[in-house]
file input.cif (mmCIF, C-alpha atoms and all ligand atoms)
data_data
loop_
_atom_site.label_atom_id
_atom_site.label_comp_id
_atom_site.auth_asym_id
_atom_site.auth_seq_id
_atom_site.Cartn_x
_atom_site.Cartn_y
_atom_site.Cartn_z
CA MET B 1265 45.89 22.77 72.13
CA ALA B 1266 47.96 25.26 74.14
CA VAL B 1267 47.07 28.88 73.48
CA ALA B 1268 50.04 30.78 72.02
CA SER B 1269 51.32 33.60 74.17
CA PRO B 1270 50.63 37.08 72.78
CA LEU B 1271 52.84 38.62 70.12
CA LEU B 1272 51.47 41.97 71.19
CA ASP B 1273 50.38 42.75 74.71
CA VAL B 1274 49.11 46.26 75.45
CA GLU B 1275 48.22 46.77 79.09
CA GLY B 1276 46.64 49.85 80.67
CA VAL B 1277 48.25 52.29 78.25
CA HIS B 1278 47.78 56.02 78.71
CA GLY B 1279 48.86 58.01 75.66
CA TYR B 1280 49.29 61.75 75.22
CA TYR B 1281 49.79 64.37 72.53
CA GLY B 1282 51.48 67.02 74.66
CA LEU B 1283 48.96 67.67 77.43
CA ALA B 1284 46.07 66.03 75.57
CA HIS B 1285 45.35 62.76 77.38
CA VAL B 1286 43.94 60.64 74.53
CA LEU B 1287 44.43 56.97 75.52
CA GLN B 1288 42.96 56.34 78.95
CA GLY B 1289 44.10 52.85 79.87
CA VAL B 1290 43.93 50.78 76.66
CA SER B 1291 44.53 47.03 76.96
CA LEU B 1292 44.53 44.57 74.07
CA SER B 1293 46.46 41.59 72.76
CA VAL B 1294 47.22 39.84 69.49
CA ARG B 1295 48.49 36.26 69.23
CA PRO B 1296 50.38 34.66 66.33
CA GLY B 1297 47.90 33.59 63.66
CA GLU B 1298 45.21 35.97 64.89
CA LEU B 1299 43.55 38.80 63.04
CA VAL B 1300 42.23 41.23 65.61
CA ALA B 1301 40.04 44.18 64.61
CA LEU B 1302 40.18 47.52 66.40
CA LEU B 1303 36.96 49.41 65.70
CA GLY B 1304 35.43 52.68 66.87
CA ARG B 1305 34.05 55.94 65.61
CA ASN B 1306 36.13 58.84 64.26
CA GLY B 1307 38.41 60.30 66.89
CA ALA B 1308 38.04 57.28 69.22
CA GLY B 1309 41.83 56.84 69.46
CA LYS B 1310 42.48 53.95 67.05
CA THR B 1311 45.35 55.61 65.19
CA THR B 1312 46.73 56.90 68.48
CA THR B 1313 46.77 53.33 69.83
CA VAL B 1314 48.71 52.08 66.83
CA LYS B 1315 51.10 55.05 67.02
CA ALA B 1316 51.62 54.41 70.74
CA ILE B 1317 52.67 50.84 69.92
CA MET B 1318 55.09 52.19 67.29
CA GLY B 1319 56.67 54.65 69.74
CA MET B 1320 55.18 57.70 68.01
CA VAL B 1321 52.97 58.87 70.89
CA ALA B 1322 54.06 59.60 74.47
CA VAL B 1323 53.10 56.69 76.75
CA ARG B 1324 53.19 57.77 80.41
CA GLN B 1325 51.58 54.74 82.00
CA GLY B 1326 51.11 51.08 81.09
CA HIS B 1327 53.05 48.41 79.23
CA ILE B 1328 53.46 47.46 75.58
CA ARG B 1329 55.21 44.17 74.94
CA CYS B 1330 56.07 42.74 71.57
CA ALA B 1331 57.03 39.06 71.77
CA GLY B 1332 57.62 39.55 75.48
CA ARG B 1333 59.92 42.54 75.01
CA ASP B 1334 58.95 45.92 76.46
CA VAL B 1335 58.90 48.45 73.63
CA VAL B 1336 57.71 51.58 75.49
CA GLY B 1337 60.30 54.30 75.09
CA LEU B 1338 61.97 52.74 72.02
CA ALA B 1339 62.35 54.81 68.84
CA PRO B 1340 59.97 53.75 66.03
CA GLU B 1341 62.74 52.10 63.99
CA ARG B 1342 63.73 50.00 67.02
CA VAL B 1343 60.09 48.99 67.52
CA ALA B 1344 59.96 47.99 63.85
CA GLN B 1345 63.12 45.92 64.33
CA SER B 1346 61.37 43.93 67.02
CA GLY B 1347 59.20 42.49 64.23
CA ILE B 1348 56.35 44.98 63.90
CA GLY B 1349 55.33 46.15 60.43
CA TYR B 1350 53.32 49.38 60.36
CA VAL B 1351 50.93 50.37 57.57
CA PRO B 1352 50.04 53.98 58.39
CA GLU B 1353 46.70 55.65 57.71
CA ASP B 1354 48.36 57.78 55.06
CA ARG B 1355 49.69 55.36 52.42
CA ARG B 1356 52.20 57.85 51.05
CA MET B 1357 54.66 56.29 48.61
CA PHE B 1358 58.29 57.41 48.73
CA PRO B 1359 58.08 60.25 46.17
CA GLY B 1360 59.50 59.72 42.68
CA LEU B 1361 60.40 56.08 43.35
CA THR B 1362 59.25 53.00 41.50
CA VAL B 1363 57.42 50.15 43.22
CA GLY B 1364 60.65 48.10 43.27
CA GLU B 1365 62.58 51.03 44.75
CA ASN B 1366 59.93 51.52 47.44
CA LEU B 1367 60.36 47.90 48.47
CA ARG B 1368 64.17 48.07 48.30
CA LEU B 1369 64.25 51.25 50.39
CA ALA B 1370 62.12 49.59 53.06
CA ALA B 1371 64.54 46.63 52.97
CA LEU B 1372 67.50 49.01 53.34
CA GLY B 1373 65.75 50.61 56.32
CA ALA B 1374 65.53 47.13 57.79
CA ARG B 1375 69.31 46.76 57.11
CA LEU B 1376 68.87 43.70 54.94
CA GLY B 1377 71.73 42.52 52.73
CA LYS B 1378 71.29 42.18 48.96
CA ALA B 1379 70.31 38.49 48.96
CA ASP B 1380 67.77 39.09 51.72
CA GLN B 1381 66.38 42.11 49.85
CA GLN B 1382 65.70 39.90 46.85
CA ALA B 1383 64.08 37.22 49.01
CA VAL B 1384 61.92 39.83 50.62
CA GLN B 1385 60.83 41.28 47.27
CA ARG B 1386 59.96 37.74 46.16
CA ARG B 1387 57.82 37.30 49.27
CA VAL B 1388 55.97 40.58 48.68
CA LEU B 1389 55.26 39.54 45.08
CA ASP B 1390 54.03 36.14 46.30
CA VAL B 1391 51.56 37.96 48.55
CA PHE B 1392 50.66 40.58 45.92
CA PRO B 1393 51.30 39.07 42.46
CA LEU B 1394 49.40 41.98 40.88
CA LEU B 1395 52.38 44.22 41.71
CA GLU B 1396 54.84 42.27 39.56
CA PRO B 1397 54.04 44.03 36.23
CA HIS B 1398 54.31 47.41 38.00
CA LEU B 1399 57.73 47.02 39.63
CA ASP B 1400 59.32 49.68 37.38
CA ARG B 1401 56.43 52.16 37.55
CA ASP B 1402 56.34 55.30 39.66
CA ALA B 1403 54.53 54.07 42.79
CA ALA B 1404 52.75 57.40 43.26
CA ARG B 1405 50.99 56.84 39.91
CA LEU B 1406 49.46 53.49 40.85
CA SER B 1407 45.79 53.09 41.73
CA GLY B 1408 44.78 53.40 45.39
CA GLY B 1409 44.48 49.63 45.76
CA GLN B 1410 47.92 49.05 44.24
CA GLN B 1411 49.47 51.70 46.48
CA GLN B 1412 47.98 49.91 49.49
CA MET B 1413 49.62 46.69 48.28
CA VAL B 1414 52.99 48.48 48.20
CA SER B 1415 52.30 49.93 51.63
CA VAL B 1416 51.49 46.52 53.15
CA GLY B 1417 54.39 44.99 51.17
CA ARG B 1418 56.86 47.47 52.71
CA ALA B 1419 55.55 46.59 56.16
CA LEU B 1420 56.13 42.88 55.55
CA ILE B 1421 59.82 43.38 54.98
CA CYS B 1422 61.37 43.74 58.41
CA GLY B 1423 61.21 40.10 59.58
CA THR B 1424 57.66 41.00 60.42
CA ARG B 1425 55.69 38.87 62.86
CA LEU B 1426 53.01 41.43 63.64
CA LEU B 1427 51.31 43.81 61.23
CA LEU B 1428 49.59 47.00 62.42
CA VAL B 1429 47.27 48.08 59.65
CA ASP B 1430 45.49 51.44 59.90
CA GLU B 1431 42.46 51.92 57.62
CA VAL B 1432 43.96 50.08 54.66
CA THR B 1433 40.64 49.81 52.80
CA GLN B 1434 39.71 53.47 53.05
CA GLY B 1435 38.69 54.92 49.68
CA LEU B 1436 38.97 51.57 47.87
CA ALA B 1437 36.22 50.04 45.74
CA PRO B 1438 34.37 47.32 47.68
CA ASN B 1439 35.86 44.38 45.75
CA ILE B 1440 39.42 45.76 46.07
CA ALA B 1441 38.86 46.37 49.80
CA SER B 1442 37.58 42.82 50.22
CA ASP B 1443 40.58 41.36 48.32
CA MET B 1444 42.96 43.29 50.58
CA GLY B 1445 41.07 42.13 53.66
CA HIS B 1446 41.26 38.51 52.58
CA THR B 1447 44.98 38.82 51.85
CA LEU B 1448 45.49 40.03 55.43
CA ARG B 1449 43.37 37.12 56.66
CA ARG B 1450 45.60 34.72 54.71
CA LEU B 1451 48.75 36.27 56.24
CA ALA B 1452 47.25 35.68 59.68
CA ASP B 1453 46.38 32.10 58.73
CA GLU B 1454 50.06 31.64 57.82
CA GLY B 1455 51.03 32.67 61.36
CA LEU B 1456 51.40 36.44 61.39
CA GLY B 1457 49.56 38.49 64.01
CA VAL B 1458 47.46 41.27 62.47
CA LEU B 1459 45.91 44.25 64.26
CA LEU B 1460 43.44 45.75 61.81
CA VAL B 1461 42.04 49.24 62.36
CA GLU B 1462 39.02 49.44 60.13
CA GLN B 1463 36.09 51.78 59.37
CA ASN B 1464 34.34 49.06 57.42
CA SER B 1465 33.14 47.17 60.48
CA GLN B 1466 31.17 44.67 58.41
CA LEU B 1467 34.31 43.57 56.56
CA ALA B 1468 36.32 43.60 59.79
CA LEU B 1469 33.80 41.42 61.62
CA GLU B 1470 33.84 38.99 58.72
CA LEU B 1471 37.64 38.69 58.74
CA ALA B 1472 38.55 38.94 62.40
CA ASP B 1473 39.00 36.32 65.10
CA ARG B 1474 38.48 38.87 67.85
CA VAL B 1475 37.28 42.45 68.02
CA TYR B 1476 37.88 45.44 70.30
CA VAL B 1477 35.76 48.58 70.23
CA LEU B 1478 37.41 51.80 71.33
CA ASP B 1479 35.54 54.94 72.40
CA GLN B 1480 37.08 58.10 73.81
CA GLY B 1481 40.38 56.37 74.45
CA VAL B 1482 38.85 53.42 76.32
CA ILE B 1483 38.05 49.85 75.18
CA VAL B 1484 34.27 49.69 75.67
CA ALA B 1485 33.65 46.21 74.26
CA SER B 1486 35.62 43.18 73.12
CA GLY B 1487 35.07 39.58 72.22
CA ASP B 1488 34.92 36.81 69.69
CA ALA B 1489 34.05 38.08 66.19
CA LYS B 1490 31.84 35.10 65.40
CA GLU B 1491 29.73 35.66 68.52
CA MET B 1492 29.48 39.36 67.78
CA ARG B 1493 28.36 38.77 64.21
CA ALA B 1494 25.56 36.58 65.52
CA ASP B 1495 24.38 39.16 68.05
CA PRO B 1496 22.41 42.00 66.41
CA THR B 1497 22.12 43.85 69.73
CA TRP B 1498 25.87 44.03 69.94
CA THR B 1499 26.36 45.29 66.41
CA GLU B 1500 23.56 47.80 66.87
CA GLN B 1501 24.94 49.09 70.14
CA TYR B 1502 28.55 49.42 69.09
CA LEU B 1503 28.76 49.49 65.35
CA GLN B 1504 25.47 50.82 63.97
CA LEU B 1505 25.68 48.41 61.05
N1 LIG M 1 48.69 65.13 66.66
C1 LIG M 1 47.65 65.29 67.52
N2 LIG M 1 47.68 66.24 68.47
C2 LIG M 1 46.66 66.41 69.35
N3 LIG M 1 45.54 65.66 69.34
C3 LIG M 1 45.44 64.70 68.39
C4 LIG M 1 46.49 64.46 67.44
N4 LIG M 1 46.10 63.44 66.64
C5 LIG M 1 44.89 63.05 67.07
N5 LIG M 1 44.50 63.79 68.13
C6 LIG M 1 43.25 63.65 68.90
O1 LIG M 1 43.24 62.37 69.50
C7 LIG M 1 41.95 61.79 69.46
C8 LIG M 1 42.02 60.42 68.82
O2 LIG M 1 42.43 60.56 67.45
P1 LIG M 1 42.78 59.32 66.54
O3 LIG M 1 43.38 59.89 65.29
O4 LIG M 1 43.58 58.35 67.30
O5 LIG M 1 41.33 58.73 66.25
P2 LIG M 1 40.90 57.56 65.28
O6 LIG M 1 40.08 56.62 66.10
O7 LIG M 1 42.06 57.03 64.55
O8 LIG M 1 39.89 58.34 64.28
P3 LIG M 1 39.64 58.15 62.69
O9 LIG M 1 38.63 57.07 62.58
O10 LIG M 1 39.11 59.49 62.29
O11 LIG M 1 40.94 57.83 62.01
C9 LIG M 1 41.05 62.79 68.71
O12 LIG M 1 40.35 63.55 69.66
C10 LIG M 1 42.03 63.65 67.96
O13 LIG M 1 41.51 64.96 67.81
MG MG M 2 42.60 56.99 62.57
#

call {"tool": "encode", "arguments": {"input": "input.cif", "output": "structure tokens"}}
result
Amino acid sequence: MAVASPLLDVEGVHGYYGLAHVLQGVSLSVRPGELVALLGRNGAGKTTTVKAIMGMVAVRQGHIRCAGRDVVGLAPERVAQSGIGYVPEDRRMFPGLTVGENLRLAALGARLGKADQQAVQRRVLDVFPLLEPHLDRDAARLSGGQQQMVSVGRALICGTRLLLVDEVTQGLAPNIASDMGHTLRRLADEGLGVLLVEQNSQLALELADRVYVLDQGVIVASGDAKEMRADPTWTEQYLQL
């Protein structure tokens, strides 16, 4: 079987906050149908990598291609329009809005017409049926797990082919975190590319096809998740499981 070309191709990226040189030549890729985990300790540069892809961090060297298109230098909304859905670390709901309004606002941001907005809401509810009874509730009053469903749901709206998910399971009860992880796995199985930044490396290794480990703005290890799970030396060295 031919290997699909990458949906996301990050090559030698150097990223900065002002003068702070945080990403020091990061390279990674995600193909359609792949769930790829990005792991690493606190402050390693995981969020910065995702923000660099979204055009929220200055990239002064390297390439970032989404479906073959160079996205470096594009505004975040233009990056999103190239088919990237972003679930930020901070799952903030649009304040004072219901779940349905959160989804509709995301659809408006993606400039969808009314019929498409309804189709998109249907799709989000197919992925997260537990949200259906809460459509008219203030999203900020939902549980953490439900808010994460809204957050991922919003990111699915923009004709999304690639999801960038930053610490979606943080603060969730283990069974809720696992459910969310398996939903993301299913989305990848349906053809989406998923880049999953995750503190819970055990869950990530269980879900992922491939893994990258980032340390001090550099990828220090990468490989097949199945092989890594089977290699205690690897997990000990990089993940302290
Ligand atoms: N807005 C900012 N301005 C300057 N430096 C920043 C900024 N945000 C993050 N950094 C620095 O960049 C480095 C990488 O941070 P980043 O948030 O990408 O790490 P992370 O791997 O996502 O960590 P965590 O697991 O805690 O979320 C850290 O040294 C951090 O202090
Ligand atoms: Mg982070």

call {"tool": "residues_near_ligand", "arguments": {"input": "input.cif", "ligand": "ligand LIG 1 (chain M)", "cutoff": "7 Å", "atoms": "all atoms listed in the file", "output": "JSON, numbers by chain"}}
result
{"B": [1281, 1284, 1286, 1304, 1305, 1306, 1307, 1308, 1309, 1310, 1311, 1312, 1313, 1463]}

call {"tool": "atom_distance", "arguments": {"input": "input.cif", "atom1": "CA of Leu1302 in chain B", "atom2": "CA of Ala1339 in chain B"}}
result
23.5 Å

call {"tool": "residues_around", "arguments": {"input": "input.cif", "residues": "Arg1329 in chain B", "least_positions_apart": "4", "cutoff": "6 Å", "atoms": "only C-alpha atoms", "output": "PyMOL selection string"}}
result
chain B and resi 1272-1273+1333-1335

call {"tool": "atom_distance", "arguments": {"input": "input.cif", "atom1": "CA of Ala1379 in chain B", "atom2": "CA of Arg1356 in chain B"}}
result
26.6 Å

call {"tool": "atom_distance", "arguments": {"input": "input.cif", "atom1": "CA of Val1432 in chain B", "atom2": "CA of Gln1411 in chain B"}}
result
10.0 Å

call {"tool": "closest_residue", "arguments": {"input": "input.cif", "among": "B:Ile1421, B:Ala1403, B:Ala1301, B:Ala1437", "to": "Gln1381 in chain B", "atoms": "all atoms listed in the file"}}
result
B:Ile1421

call {"tool": "residues_around", "arguments": {"input": "input.cif", "residues": "Val1475 in chain B", "least_positions_apart": "3", "cutoff": "12 Å", "atoms": "all atoms listed in the file", "output": "MDAnalysis selection string"}}
result
chainID B and resid 1292:1294 1298:1304 1458:1462 1465:1472 1478 1483:1493 1498:1499 1502:1503

call {"tool": "closest_residue", "arguments": {"input": "input.cif", "among": "B:Gln1288, B:Ser1346, B:Gln1434, B:Gln1412", "to": "Thr1447 in chain B", "atoms": "only C-alpha atoms"}}
result
B:Gln1412

call {"tool": "residues_near_point", "arguments": {"input": "input.cif", "point": "(48.2, 57.9, 53.5)", "cutoff": "12 Å", "atoms": "only C-alpha atoms", "output": "number ranges by chain"}}
result
B: 1351-1358, 1404, 1408-1409, 1411-1412, 1414-1416, 1429-1435

call {"tool": "residues_around", "arguments": {"input": "input.cif", "residues": "His1285 in chain B", "least_positions_apart": "5", "cutoff": "10 Å", "atoms": "all atoms listed in the file", "output": "NGL selection string"}}
result
:B and (1278-1280 or 1322-1324 or 1481)

call {"tool": "axis_aligned_box", "arguments": {"input": "input.cif", "around": "range 1340-1357 of chain B", "padding_each_side": "6 Å", "output": "AutoDock Vina command-line options"}}
result
--center_x 55.2 --center_y 50.2 --center_z 58.1 --size_x 29.0 --size_y 27.4 --size_z 30.9

call {"tool": "closest_residue", "arguments": {"input": "input.cif", "among": "B:Val1363, B:Leu1399, B:Leu1271, B:Leu1456", "to": "Cys1330 in chain B", "atoms": "all atoms listed in the file"}}
result
B:Leu1271

call {"tool": "residues_around", "arguments": {"input": "input.cif", "residues": "Val1277 in chain B", "least_positions_apart": "5", "cutoff": "8 Å", "atoms": "all atoms listed in the file", "output": "mmCIF file with C-alpha atoms, in the coordinates of the input"}}
result
data_model
loop_
_atom_site.group_PDB
_atom_site.id
_atom_site.type_symbol
_atom_site.label_atom_id
_atom_site.label_comp_id
_atom_site.auth_asym_id
_atom_site.auth_seq_id
_atom_site.Cartn_x
_atom_site.Cartn_y
_atom_site.Cartn_z
ATOM 1 C CA LEU B 1287 44.430 56.970 75.520
ATOM 2 C CA GLN B 1288 42.960 56.340 78.950
ATOM 3 C CA GLY B 1289 44.100 52.850 79.870
ATOM 4 C CA VAL B 1290 43.930 50.780 76.660
ATOM 5 C CA SER B 1291 44.530 47.030 76.960
ATOM 6 C CA VAL B 1323 53.100 56.690 76.750
ATOM 7 C CA ARG B 1324 53.190 57.770 80.410
ATOM 8 C CA GLN B 1325 51.580 54.740 82.000
ATOM 9 C CA GLY B 1326 51.110 51.080 81.090
ATOM 10 C CA HIS B 1327 53.050 48.410 79.230
ATOM 11 C CA ILE B 1328 53.460 47.460 75.580
#
